[in-house]
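Take a look at the structure set out below.
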Protein chains: 2
Amino acid sequence: MLKGNVIYGQSGGPSSAINSSALGVILESFAHKDVISKVYMMHHGIGGAINDDLIDVTNESVEELEKLKYTSGAFFGSIRYKLKPAEEDETDYKKILETLKKHDIHYFFYNGGNDSMDTCNKISKYLNKVGYPCRVIGIPKTIDNDLPITDHTPGFGTSAKFIANSFIDVSLDNYSYPQGRPIIIEVMGRHAGWLTAASSLANLTGYGPDLIYLPEVSFDMDKFLKDVKRIMDEKHRCLVAVSEGITYKDGSFVAKATKAVDAFGHARLGGVASSLASEIDEKLGLNAKSIELSFLQRGASLVASKTDIEEGVNVGRKAVEFALNGETDRMVTIIRTSDNPYKVEYKSCHLQDVANIEKKVPLEWITKEGNNLTSEFTKYCLPLIEGELEHSFKNGLLDIPHFKNYRK
Amino acid sequence: MLKGNVIYGQSGGPSSAINSSALGVILESFAHKDVISKVYMMHHGIGGAINDDLIDVTNESVEELEKLKYTSGAFFGSIRYKLKPAEEDETDYKKILETLKKHDIHYFFYNGGNDSMDTCNKISKYLNKVGYPCRVIGIPKTIDNDLPITDHTPGFGTSAKFIANSFIDVSLDNYSYPQGRPIIIEVMGRHAGWLTAASSLANLTGYGPDLIYLPEVSFDMDKFLKDVKRIMDEKHRCLVAVSEGITYKDGSFVAKATKAVDAFGHARLGGVASSLASEIDEKLGLNAKSIELSFLQRGASLVASKTDIEEGVNVGRKAVEFALNGETDRMVTIIRTSDNPYKVEYKSCHLQDVANIEKKVPLEWITKEGNNLTSEFTKYCLPLIEGELEHSFKNGLLDIPHFKNYRK
């Protein structure tokens, strides 16, 4: 058995489940004290490894650590930093190696999406080349759910749950008055429409979006306006889900193509939802409302999916288990073995098979009209939002951890 | 004992707790079957009474009715409709009287904010004048918390909880990277800053707003920019809470006064948060982000306050109890008798004493700098967000009621 300490890092966009995976790594490391003496967190991802900026969590209490399950953001700090190929520039790699040697680290875990798996893969190759014994395992995380091979990614379920239920809330609001409005809700996901598709789950309650637009299908403004008009005539209200990344047939973004946003000059203020609302106002003379779920959907800790958070913990635990069993240069994957009852197994795949690859919503799960999802998507997505966590709140506020030597 | 049926109506803006009060009225009416045979809901508030558009809920199951606790919006339909004074035009009043007579209704309950209490008061006076025996009781509801006499209003606690916890989520997001941003979050409340003030509770966890701006204090753009710069220099991130209704010293709205929104022409797209973000970009050269909590904060059923929802039920029950005891032309009030442990009693006051009067945040609860709240506010607000509801979700989705003869 390779003896050594553990290092773990967070990378990419914040999400609801990434800290659960940190917890999984920490708890599983604690369970192998014969092999692992110390557990270090990189402060702000790979930057922490490069600059020897580490947080030692070995002596933190399990009670306080458990609160990571209820904590959104990247609690130990994330980073967006692309390592140059070692063949071009070894500077960063050498510094990382120094940090590993200094702290007797031989287990390296990196938690993130496509880009982070690329980082992880590069480090694995370098350490292998220089002959430093270190097991390198990637842990999947992204609310965007766009990693290949794994059935889904931790973080997606909780954000999907927040989104679906926010649509119910807004729909109920829109049903309050005799005459409702067109309401356009903008959801994250620039290239893959998974999160926007999750809004369709709200329709199971009778209060969901009438129209759903994903980046997987090119957008047709005339058809959109006709559909909104028809639904308004019928129901006196219309709820629309739109991905921030929808494009026209020619590939140009809808958000930028409308006059409203161009005239303003600030894409930040516009966004695709407000652009579509402006179009409705101008062309149909209706008083449309736009809502951006913004950062709320990627925190989403007000109503985490228990399934998602538990899987977040599990992929962290499995990463340690697989590494202890000798695996390296691999990413933990979630493989679904049954929809109903929902069951999964944890496996692993080569890092290079996931690095920089995006998985999109299958076109056969999108209706022929291109503006809704089929029951196949429901079957896939519904189990992922199942269950609520207890004890997330203390005095009505999210119970955030305070550690002995970090964010006291 | 005055025998007769019950009518109940919802009015004004949707909120999280209004359907709990409907539930309270219904359950308490069911408990007095010797006096009350039938319970009717107005479909879309006073409009339902005028047009004899009622929903009979007498035979709905308690199990399904209980789901009203988890349901946001105005489930039986709301309306914004100002009754003309009866001295000017009796048309509406005569129609309402016909509806009451037709269905043998002698108990009239109306649920809403300031304007709704005015409506309630007018109807009470009219029925008294024409000698129709009917007990008229107002039930307080508004997320804005701006009704006088009552310690607070049902709906406020849940929205306050959503807001405080959303600030924690966004703050954790902003702490994820080494270099955070100025983030401006816009909160509802045009004239009274209660909801914006609630963001201050997030600071109890260490993850709250650095600066808070209420409509009660006039806004100074230069001071604001200086404060943001100072905090960015210090913390490398800055979280700002701003009420949609803040004004400059001369009374003009901040949202409309900035160039950004003027140039655009659509106030809808702008809003005060994006206006402030633009100012920061332009004057400080920082990349500020604006977020509007929009309709999400008034639905807020993802994380209801148990205290709030239970009080919502209670004010509904008390309205029926008070009416059965002979009270009329009054509104139910919540009187706090202790902060810790938090205790309240239910009383009533004259409708005319609350109609059209707005209660603002006391100036002594705002810090001298005018950009934060004192501990007095925390003591007042914290008990109102306490406790979580169980069983709000089914298969990960809000469990919305379906009735036999309404929204099946």
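Identifiers in the structure tokens: chain A, B, ... in order shown; residue index from 1 per chain; ligand index from 1 in order shown.
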* Asked: Excluding same-chain residues fewer than 5 positions from range 194-199 of chain A, what lies within 7 Å of it counting only C-alpha atoms, as number ranges by chain?
  -> A: 144-145, 160, 163-164, 167, 187-189, 208-209, 214, 241-243, 361, 373
* Can you list, as JSON, numbers by chain, every protein, DNA or RNA residue that comes within 12 Å of Gln297 in chain B when you count only C-alpha atoms, leaving out same-chain residues fewer than 3 positions away? -> {"A": [166, 169, 170, 173, 291, 293, 296], "B": [13, 14, 15, 16, 72, 73, 143, 144, 155, 156, 157, 158, 159, 160, 161, 162, 163, 164, 165, 166, 167, 185, 186, 187, 188, 189, 195, 196, 198, 199, 292, 293, 294, 300, 301, 302, 303, 304]}
* DSSP says helix (DSSP H, G or I) for which residues of range 144-325 of chain A? Put them as a count of residues only? -> 100
* **Surrounding residues of Ser29 in chain A excluding itself and chain neighbours under 3 positions, 10 Å, only C-alpha atoms, as a ChimeraX atom specification** => /A:5-6,23-26,32-39,58,107,316-317,320-321,324
Output N, CA, C and O atoms for every residue in the selection just made, as a short mmCIF file (atom, residue, chain, number, x, y, z; two decimals), in the first residue's frame.
data_model
loop_
_atom_site.label_atom_id
_atom_site.label_comp_id
_atom_site.auth_asym_id
_atom_site.auth_seq_id
_atom_site.Cartn_x
_atom_site.Cartn_y
_atom_site.Cartn_z
N ASN A 5 0.18 11.37 2.15
CA ASN A 5 -0.92 12.27 2.50
C ASN A 5 -1.78 12.58 1.29
O ASN A 5 -1.43 12.27 0.15
N VAL A 6 -2.89 13.21 1.58
CA VAL A 6 -3.89 13.51 0.55
C VAL A 6 -3.96 15.00 0.26
O VAL A 6 -3.90 15.82 1.19
N LEU A 23 -16.11 16.68 1.37
CA LEU A 23 -16.43 15.92 2.59
C LEU A 23 -16.16 14.43 2.39
O LEU A 23 -15.57 13.77 3.26
N GLY A 24 -16.60 13.90 1.24
CA GLY A 24 -16.38 12.48 0.95
C GLY A 24 -14.91 12.11 0.96
O GLY A 24 -14.50 11.11 1.55
N VAL A 25 -14.09 12.94 0.31
CA VAL A 25 -12.64 12.70 0.29
C VAL A 25 -12.08 12.74 1.71
O VAL A 25 -11.28 11.87 2.11
N ILE A 26 -12.49 13.73 2.48
CA ILE A 26 -11.94 13.91 3.84
C ILE A 26 -12.33 12.71 4.72
O ILE A 26 -11.48 12.11 5.39
N HIS A 32 -8.78 5.80 6.74
CA HIS A 32 -7.57 5.03 6.39
C HIS A 32 -6.34 5.68 7.01
O HIS A 32 -5.38 6.00 6.31
N LYS A 33 -6.39 5.86 8.31
CA LYS A 33 -5.30 6.56 9.02
C LYS A 33 -3.98 5.77 8.98
O LYS A 33 -2.91 6.35 9.18
N ASP A 34 -4.08 4.47 8.72
CA ASP A 34 -2.86 3.67 8.60
C ASP A 34 -2.05 4.05 7.36
O ASP A 34 -0.83 3.89 7.31
N VAL A 35 -2.72 4.57 6.35
CA VAL A 35 -2.05 4.94 5.09
C VAL A 35 -1.92 6.45 4.96
O VAL A 35 -0.90 6.97 4.51
N ILE A 36 -2.99 7.16 5.36
CA ILE A 36 -3.06 8.61 5.15
C ILE A 36 -2.99 9.33 6.51
O ILE A 36 -3.86 9.14 7.36
N SER A 37 -1.95 10.15 6.70
CA SER A 37 -1.83 10.87 7.97
C SER A 37 -2.50 12.23 7.93
O SER A 37 -3.12 12.67 8.88
N LYS A 38 -2.33 12.89 6.82
CA LYS A 38 -2.84 14.27 6.75
C LYS A 38 -3.66 14.51 5.49
O LYS A 38 -3.39 13.94 4.44
N VAL A 39 -4.67 15.37 5.65
CA VAL A 39 -5.54 15.71 4.52
C VAL A 39 -5.47 17.22 4.29
O VAL A 39 -5.83 18.01 5.16
N THR A 58 -7.03 18.03 8.74
CA THR A 58 -6.89 16.76 9.46
C THR A 58 -7.51 16.79 10.85
O THR A 58 -8.07 15.78 11.32
N TYR A 107 -1.42 11.20 -2.84
CA TYR A 107 -2.79 11.04 -3.35
C TYR A 107 -3.31 12.41 -3.75
O TYR A 107 -3.38 13.32 -2.92
N GLY A 316 -16.65 11.43 -3.87
CA GLY A 316 -15.44 11.79 -3.11
C GLY A 316 -14.86 10.58 -2.40
O GLY A 316 -13.65 10.32 -2.46
N ARG A 317 -15.73 9.83 -1.75
CA ARG A 317 -15.28 8.61 -1.04
C ARG A 317 -14.69 7.60 -2.03
O ARG A 317 -13.64 7.00 -1.78
N VAL A 320 -11.11 8.23 -3.23
CA VAL A 320 -10.08 7.79 -2.29
C VAL A 320 -9.94 6.26 -2.35
O VAL A 320 -8.83 5.72 -2.41
N GLU A 321 -11.09 5.59 -2.36
CA GLU A 321 -11.09 4.12 -2.40
C GLU A 321 -10.36 3.60 -3.65
O GLU A 321 -9.50 2.71 -3.56
N LEU A 324 -6.64 4.22 -3.38
CA LEU A 324 -6.00 3.28 -2.46
C LEU A 324 -5.85 1.90 -3.11
O LEU A 324 -4.90 1.17 -2.83
#
* To do: Show which residues sit within 9 Å of Asp146 in chain B, as JSON, numbers by chain. Count only C-alpha atoms, and ignore same-chain residues fewer than 2 positions away.
  => {"B": [113, 114, 142, 143, 144, 148, 152, 153, 191, 192, 193, 194, 357, 358, 359, 360, 361]}
Write the residues of the preceding selection, restricted to C-alpha atoms, as a PDB file, in the first residue's frame.
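Generated output (again.pdb):
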ATOM      1  CA  GLY B 113     -52.473  44.516   2.568  1.00  0.00           C
ATOM      2  CA  ASN B 114     -53.313  48.182   3.022  1.00  0.00           C
ATOM      3  CA  THR B 142     -48.109  41.233   2.644  1.00  0.00           C
ATOM      4  CA  ILE B 143     -44.495  40.287   2.070  1.00  0.00           C
ATOM      5  CA  ASP B 144     -43.766  44.022   2.388  1.00  0.00           C
ATOM      6  CA  PRO B 148     -49.393  49.299  11.072  1.00  0.00           C
ATOM      7  CA  HIS B 152     -45.629  41.955  11.362  1.00  0.00           C
ATOM      8  CA  THR B 153     -47.624  40.448   8.506  1.00  0.00           C
ATOM      9  CA  HIS B 191     -41.556  52.437  -0.033  1.00  0.00           C
ATOM     10  CA  ALA B 192     -40.698  50.281   2.995  1.00  0.00           C
ATOM     11  CA  GLY B 193     -37.341  48.522   3.325  1.00  0.00           C
ATOM     12  CA  TRP B 194     -38.333  45.545   5.479  1.00  0.00           C
ATOM     13  CA  ILE B 357     -51.335  53.362   6.038  1.00  0.00           C
ATOM     14  CA  GLU B 358     -47.721  52.212   5.444  1.00  0.00           C
ATOM     15  CA  LYS B 359     -45.365  51.198   8.263  1.00  0.00           C
ATOM     16  CA  LYS B 360     -41.701  51.780   7.507  1.00  0.00           C
ATOM     17  CA  VAL B 361     -38.511  50.458   9.095  1.00  0.00           C
TER      18      VAL B 361
END
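Within range 21-115 of chain A, the backbone-based DSSP assignment of strand (DSSP E) covers Val39, Tyr40, Met41, Met42, Leu54, Ile55, Asp56, Ile105, His106, Tyr107, Phe108, Phe109, Tyr110, Asn111 and Gly112 of chain A.
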Just the selected residues (N, CA and C atoms), exported as an mmCIF file, in the first residue's frame, please.
data_model
loop_
_atom_site.group_PDB
_atom_site.id
_atom_site.type_symbol
_atom_site.label_atom_id
_atom_site.label_comp_id
_atom_site.auth_asym_id
_atom_site.auth_seq_id
_atom_site.Cartn_x
_atom_site.Cartn_y
_atom_site.Cartn_z
ATOM 1 N N VAL A 39 -4.675 15.373 5.649
ATOM 2 C CA VAL A 39 -5.543 15.710 4.524
ATOM 3 C C VAL A 39 -5.471 17.219 4.287
ATOM 4 N N TYR A 40 -4.993 17.576 3.099
ATOM 5 C CA TYR A 40 -4.853 18.989 2.742
ATOM 6 C C TYR A 40 -5.833 19.389 1.644
ATOM 7 N N MET A 41 -6.385 20.591 1.800
ATOM 8 C CA MET A 41 -7.202 21.179 0.744
ATOM 9 C C MET A 41 -6.349 22.231 0.030
ATOM 10 N N MET A 42 -6.395 22.245 -1.301
ATOM 11 C CA MET A 42 -5.744 23.347 -2.025
ATOM 12 C C MET A 42 -6.592 24.601 -1.797
ATOM 13 N N LEU A 54 -2.015 25.727 1.291
ATOM 14 C CA LEU A 54 -2.865 24.578 1.617
ATOM 15 C C LEU A 54 -3.611 24.797 2.936
ATOM 16 N N ILE A 55 -4.755 24.125 3.058
ATOM 17 C CA ILE A 55 -5.525 24.166 4.297
ATOM 18 C C ILE A 55 -5.507 22.748 4.876
ATOM 19 N N ASP A 56 -4.943 22.613 6.061
ATOM 20 C CA ASP A 56 -4.871 21.296 6.699
ATOM 21 C C ASP A 56 -6.177 21.070 7.472
ATOM 22 N N ILE A 105 2.858 14.129 -0.005
ATOM 23 C CA ILE A 105 1.558 13.834 -0.610
ATOM 24 C C ILE A 105 1.718 12.828 -1.753
ATOM 25 N N HIS A 106 0.919 11.762 -1.702
ATOM 26 C CA HIS A 106 0.956 10.762 -2.779
ATOM 27 C C HIS A 106 -0.436 10.422 -3.309
ATOM 28 N N TYR A 107 -1.425 11.201 -2.837
ATOM 29 C CA TYR A 107 -2.794 11.039 -3.349
ATOM 30 C C TYR A 107 -3.313 12.413 -3.752
ATOM 31 N N PHE A 108 -3.676 12.543 -5.008
ATOM 32 C CA PHE A 108 -4.047 13.844 -5.569
ATOM 33 C C PHE A 108 -5.468 13.753 -6.145
ATOM 34 N N PHE A 109 -6.377 14.566 -5.599
ATOM 35 C CA PHE A 109 -7.772 14.547 -6.070
ATOM 36 C C PHE A 109 -8.165 15.927 -6.590
ATOM 37 N N TYR A 110 -8.797 15.942 -7.761
ATOM 38 C CA TYR A 110 -9.184 17.236 -8.345
ATOM 39 C C TYR A 110 -10.639 17.163 -8.786
ATOM 40 N N ASN A 111 -11.420 18.155 -8.339
ATOM 41 C CA ASN A 111 -12.878 18.129 -8.440
ATOM 42 C C ASN A 111 -13.369 19.229 -9.391
ATOM 43 N N GLY A 112 -13.973 18.820 -10.508
ATOM 44 C CA GLY A 112 -14.445 19.856 -11.428
ATOM 45 C C GLY A 112 -15.084 19.278 -12.677
#
* To do: Using only C-alpha atoms, pick whichever of A:Asn356, A:Ser338, A:Asn51, A:Ser275 has the shortest atom-to-atom distance to chain B.
  => A:Ser275
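Residue neighbourhood of range 344-348 of chain B, excluding near-sequence residues (fewer than 2 positions): Met331, Val332, Thr333, Ile334, Ile335, Arg336 and Thr337 of chain B, at 6 Å, using only C-alpha atoms.
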* To do: Could you give me, as an MDAnalysis selection string, the residues within 9 Å of range 380-394 of chain B, counting only C-alpha atoms and dropping anything in the same chain fewer than 2 positions from it?
  => (chainID A and resid 386:388 393:397) or (chainID B and resid 67 69:71 152 156:162 198 201 301:309 339:342 375:378 396:400)
* Residues at most 9 Å from Thr119 in chain B, counting only C-alpha atoms, excluding those fewer than 3 positions away in the same chain, as a list in words? -> Ile46, Tyr81, Lys82, Leu83, Tyr110, Asn114, Asp115, Ser116, Lys122, Ile123, Ser124 and Ala355 of chain B
Keeping only all heavy atoms, write the selected residues to a file as a short mmCIF file (atom, residue, chain, number, x, y, z; two decimals), in the first residue's frame.
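This went into part-v2.cif:
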data_model
loop_
_atom_site.label_atom_id
_atom_site.label_comp_id
_atom_site.auth_asym_id
_atom_site.auth_seq_id
_atom_site.Cartn_x
_atom_site.Cartn_y
_atom_site.Cartn_z
N ILE B 46 -62.27 40.32 -4.85
CA ILE B 46 -63.57 40.98 -4.80
C ILE B 46 -64.31 40.86 -6.14
O ILE B 46 -65.56 40.89 -6.17
CB ILE B 46 -63.41 42.46 -4.35
CG1 ILE B 46 -64.72 43.02 -3.84
CG2 ILE B 46 -62.78 43.32 -5.44
CD1 ILE B 46 -65.24 42.32 -2.59
N TYR B 81 -58.08 45.83 -7.50
CA TYR B 81 -59.30 46.52 -7.92
C TYR B 81 -59.71 47.44 -6.79
O TYR B 81 -59.91 46.98 -5.66
CB TYR B 81 -60.38 45.48 -8.19
CG TYR B 81 -61.68 46.04 -8.71
CD1 TYR B 81 -61.81 46.41 -10.05
CD2 TYR B 81 -62.78 46.20 -7.87
CE1 TYR B 81 -63.00 46.92 -10.53
CE2 TYR B 81 -63.98 46.72 -8.35
CZ TYR B 81 -64.08 47.07 -9.67
OH TYR B 81 -65.27 47.58 -10.15
N LYS B 82 -59.79 48.72 -7.05
CA LYS B 82 -60.16 49.67 -6.02
C LYS B 82 -61.65 49.99 -6.13
O LYS B 82 -62.12 50.49 -7.16
CB LYS B 82 -59.32 50.95 -6.15
CG LYS B 82 -59.12 51.67 -4.81
CD LYS B 82 -58.01 52.72 -4.90
CE LYS B 82 -57.97 53.58 -3.64
NZ LYS B 82 -57.42 52.89 -2.46
N LEU B 83 -62.40 49.63 -5.09
CA LEU B 83 -63.85 49.94 -5.07
C LEU B 83 -64.03 51.45 -4.98
O LEU B 83 -63.37 52.11 -4.17
CB LEU B 83 -64.50 49.30 -3.84
CG LEU B 83 -64.84 47.82 -3.86
CD1 LEU B 83 -65.47 47.42 -2.53
CD2 LEU B 83 -65.81 47.48 -5.00
N TYR B 110 -61.51 39.00 4.15
CA TYR B 110 -60.73 39.51 3.02
C TYR B 110 -59.27 39.62 3.44
O TYR B 110 -58.93 40.19 4.46
CB TYR B 110 -61.27 40.87 2.57
CG TYR B 110 -61.06 41.11 1.09
CD1 TYR B 110 -61.48 40.17 0.15
CD2 TYR B 110 -60.46 42.29 0.63
CE1 TYR B 110 -61.28 40.38 -1.21
CE2 TYR B 110 -60.27 42.51 -0.73
CZ TYR B 110 -60.68 41.55 -1.64
OH TYR B 110 -60.50 41.77 -2.99
N ASN B 114 -52.66 46.91 2.72
CA ASN B 114 -53.31 48.18 3.02
C ASN B 114 -54.55 48.44 2.16
O ASN B 114 -55.63 48.75 2.67
CB ASN B 114 -52.36 49.36 2.78
CG ASN B 114 -50.92 49.03 3.10
OD1 ASN B 114 -50.34 48.19 2.44
ND2 ASN B 114 -50.36 49.66 4.10
N ASP B 115 -54.38 48.30 0.85
CA ASP B 115 -55.49 48.58 -0.07
C ASP B 115 -56.66 47.63 0.17
O ASP B 115 -57.83 48.03 0.10
CB ASP B 115 -55.04 48.43 -1.52
CG ASP B 115 -54.02 49.49 -1.91
OD1 ASP B 115 -53.93 50.51 -1.18
OD2 ASP B 115 -53.35 49.31 -2.93
N SER B 116 -56.32 46.38 0.45
CA SER B 116 -57.35 45.37 0.65
C SER B 116 -58.15 45.66 1.92
O SER B 116 -59.36 45.40 1.99
CB SER B 116 -56.73 43.98 0.75
OG SER B 116 -55.80 43.80 -0.30
N LYS B 122 -64.75 49.46 3.32
CA LYS B 122 -65.86 50.03 2.53
C LYS B 122 -67.04 49.08 2.49
O LYS B 122 -68.20 49.50 2.61
CB LYS B 122 -65.38 50.31 1.09
CG LYS B 122 -64.54 51.56 0.96
CD LYS B 122 -63.98 51.65 -0.46
CE LYS B 122 -63.20 52.95 -0.68
NZ LYS B 122 -62.26 52.83 -1.80
N ILE B 123 -66.76 47.79 2.31
CA ILE B 123 -67.84 46.79 2.24
C ILE B 123 -68.54 46.69 3.60
O ILE B 123 -69.76 46.63 3.68
CB ILE B 123 -67.26 45.42 1.80
CG1 ILE B 123 -66.88 45.52 0.32
CG2 ILE B 123 -68.28 44.30 2.02
CD1 ILE B 123 -66.04 44.36 -0.18
N SER B 124 -67.73 46.70 4.63
CA SER B 124 -68.29 46.63 5.99
C SER B 124 -69.27 47.78 6.22
O SER B 124 -70.39 47.59 6.71
CB SER B 124 -67.14 46.68 6.99
OG SER B 124 -67.63 46.82 8.29
N ALA B 355 -56.19 50.77 7.04
CA ALA B 355 -56.42 50.99 5.61
C ALA B 355 -55.53 52.12 5.10
O ALA B 355 -55.51 53.22 5.66
CB ALA B 355 -57.89 51.31 5.38
#
* Asked: With distances taken over only C-alpha atoms, which of B:Lys289, B:Arg135, B:Lys102, B:Arg407 is nearest to Arg181 in chain B?
  -> B:Lys289
